[in-house]
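Below is one structure, written out as structure tokens; the observations come after it.
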Amino acid sequence: MRPLTINESREQAFDRFIENGKTRICRNREFCGITISDYVDHLMDSDDRGLAIGLIRYVTTVDTGDVNSLPIIQSHQEFIRDSLDSFLMQHKDKLEAEFNAQYQEALDEQMILAAGF
């Protein structure tokens, strides 16, 4: 992950911060105190629980040799990605606080470097 810089707009930096966070979560890494386990718990406790159960059933029973499996798996991936966005927005305050801290740290570091220290 590339560190935050002040050369990009704050909005672009926040969007990149969120995208990096989604990647971390999907790779079973923590992001701002949020883990893949938190996300799975959210899926199982949400209104979309039936879709999550359907995904588990499908993955458990899918015939990977069937060429028709790929589009179904891709539709499940799309659901998971959309749901992850929604899940992260429920934690927007926490994410913005961490982003602001990292962004300020990047500003401070750039000021120190510009001063020649």
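By order of appearance in the structure tokens: chains A, B, ..., then residues from 1 within every chain, and ligands from 1 in the order shown.
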
When you look at segment 55-61 of chain A with a cut-off of 10 Å (counting only C-alpha atoms), what residues show up, excluding the ones that are within fewer than 6 positions of it in the same chain? I need them as a PDB file with N, CA, C and O atoms, in the first residue's frame.
ATOM      1  N   ARG A  49     -28.752 -12.184   5.136  1.00  0.00           N
ATOM      2  CA  ARG A  49     -28.290 -13.470   5.675  1.00  0.00           C
ATOM      3  C   ARG A  49     -28.604 -14.625   4.726  1.00  0.00           C
ATOM      4  O   ARG A  49     -27.787 -15.510   4.518  1.00  0.00           O
ATOM      5  N   SER A  69     -20.657 -22.421 -13.941  1.00  0.00           N
ATOM      6  CA  SER A  69     -20.389 -22.042 -12.547  1.00  0.00           C
ATOM      7  C   SER A  69     -19.819 -20.635 -12.427  1.00  0.00           C
ATOM      8  O   SER A  69     -20.136 -19.911 -11.485  1.00  0.00           O
ATOM      9  N   ILE A  72     -22.169 -17.563 -11.994  1.00  0.00           N
ATOM     10  CA  ILE A  72     -22.842 -17.585 -10.698  1.00  0.00           C
ATOM     11  C   ILE A  72     -21.877 -17.128  -9.609  1.00  0.00           C
ATOM     12  O   ILE A  72     -22.234 -16.317  -8.741  1.00  0.00           O
ATOM     13  N   ILE A  73     -20.652 -17.618  -9.667  1.00  0.00           N
ATOM     14  CA  ILE A  73     -19.635 -17.197  -8.696  1.00  0.00           C
ATOM     15  C   ILE A  73     -19.383 -15.701  -8.818  1.00  0.00           C
ATOM     16  O   ILE A  73     -19.285 -14.991  -7.809  1.00  0.00           O
ATOM     17  N   SER A  75     -21.488 -13.424  -9.791  1.00  0.00           N
ATOM     18  CA  SER A  75     -22.618 -12.678  -9.226  1.00  0.00           C
ATOM     19  C   SER A  75     -22.541 -12.664  -7.699  1.00  0.00           C
ATOM     20  O   SER A  75     -22.876 -11.668  -7.063  1.00  0.00           O
ATOM     21  N   HIS A  76     -22.080 -13.769  -7.106  1.00  0.00           N
ATOM     22  CA  HIS A  76     -21.887 -13.800  -5.656  1.00  0.00           C
ATOM     23  C   HIS A  76     -20.779 -12.827  -5.243  1.00  0.00           C
ATOM     24  O   HIS A  76     -20.902 -12.138  -4.230  1.00  0.00           O
ATOM     25  N   GLN A  77     -19.705 -12.757  -6.037  1.00  0.00           N
ATOM     26  CA  GLN A  77     -18.623 -11.817  -5.750  1.00  0.00           C
ATOM     27  C   GLN A  77     -19.147 -10.384  -5.773  1.00  0.00           C
ATOM     28  O   GLN A  77     -18.786  -9.571  -4.921  1.00  0.00           O
ATOM     29  N   PHE A  79     -22.165  -9.342  -5.167  1.00  0.00           N
ATOM     30  CA  PHE A  79     -22.963  -9.146  -3.950  1.00  0.00           C
ATOM     31  C   PHE A  79     -22.050  -8.878  -2.760  1.00  0.00           C
ATOM     32  O   PHE A  79     -22.294  -7.960  -1.957  1.00  0.00           O
ATOM     33  N   ILE A  80     -20.993  -9.669  -2.625  1.00  0.00           N
ATOM     34  CA  ILE A  80     -20.076  -9.529  -1.492  1.00  0.00           C
ATOM     35  C   ILE A  80     -19.390  -8.164  -1.524  1.00  0.00           C
ATOM     36  O   ILE A  80     -19.267  -7.493  -0.505  1.00  0.00           O
TER      37      ILE A  80
END

* May I have the residues within 8 Å of Tyr39 of chain A as JSON, numbers by chain, using only C-alpha atoms and disregarding those fewer than 4 positions away in the same chain? => {"A": [34, 35, 43, 84, 87]}

Selection to disk with N, CA and C atoms, as a PDB file, in the first residue's frame:
ATOM      1  N   ILE A  34     -11.140  -3.258  11.887  1.00  0.00           N
ATOM      2  CA  ILE A  34     -12.191  -4.068  11.268  1.00  0.00           C
ATOM      3  C   ILE A  34     -11.522  -5.268  10.593  1.00  0.00           C
ATOM      4  N   THR A  35     -12.105  -6.450  10.785  1.00  0.00           N
ATOM      5  CA  THR A  35     -11.540  -7.677  10.215  1.00  0.00           C
ATOM      6  C   THR A  35     -12.553  -8.372   9.312  1.00  0.00           C
ATOM      7  N   LEU A  43     -22.609 -10.041   7.777  1.00  0.00           N
ATOM      8  CA  LEU A  43     -23.399 -10.718   6.741  1.00  0.00           C
ATOM      9  C   LEU A  43     -24.402 -11.685   7.358  1.00  0.00           C
ATOM     10  N   LEU A  84     -19.821  -5.271   1.197  1.00  0.00           N
ATOM     11  CA  LEU A  84     -18.649  -4.768   1.919  1.00  0.00           C
ATOM     12  C   LEU A  84     -18.651  -3.243   1.933  1.00  0.00           C
ATOM     13  N   PHE A  87     -21.154  -2.226   4.484  1.00  0.00           N
ATOM     14  CA  PHE A  87     -20.620  -2.518   5.807  1.00  0.00           C
ATOM     15  C   PHE A  87     -19.623  -1.450   6.251  1.00  0.00           C
TER      16      PHE A  87
END

* Name the residues of chain A that come out as helix (DSSP H, G or I) in a backbone DSSP run; write them as number ranges by chain. => A: 10-26, 36-45, 49-61, 69-89, 92-114

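Taking atom CA of Pro71 of chain A as the reference point, atom CA of Leu51 of chain A is found at 15.9 Å.
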
* Counting only C-alpha atoms, the option among A:Gln102, A:Gln110, A:Ser83, A:Thr64 closest to Lys22 of chain A ->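 Once distances to Lys22 of chain A are computed over only C-alpha atoms, the minimum belongs to A:Ser83.
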
* So, counting only C-alpha atoms, which residue among A:Ile25, A:Ala13, A:Ala52, A:Val67 is closest to Ser37 of chain A? ->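 Once distances to Ser37 of chain A are computed over only C-alpha atoms, the minimum belongs to A:Ile25.
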
* Could you tell me which of A:Lys94, A:Ile18, A:Leu88, A:Ile53 comes closest to Asp38 of chain A if we count only C-alpha atoms? =>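 Among the listed residues, the smallest separation from Asp38 of chain A belongs to A:Leu88.
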
* To do: Using atom CA of Met89 of chain A and atom CA of Glu30 of chain A as the two end points, give the distance in Å to one decimal.
  =>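 Result for atom CA of Met89 of chain A versus atom CA of Glu30 of chain A: 16.2 Å, one decimal.
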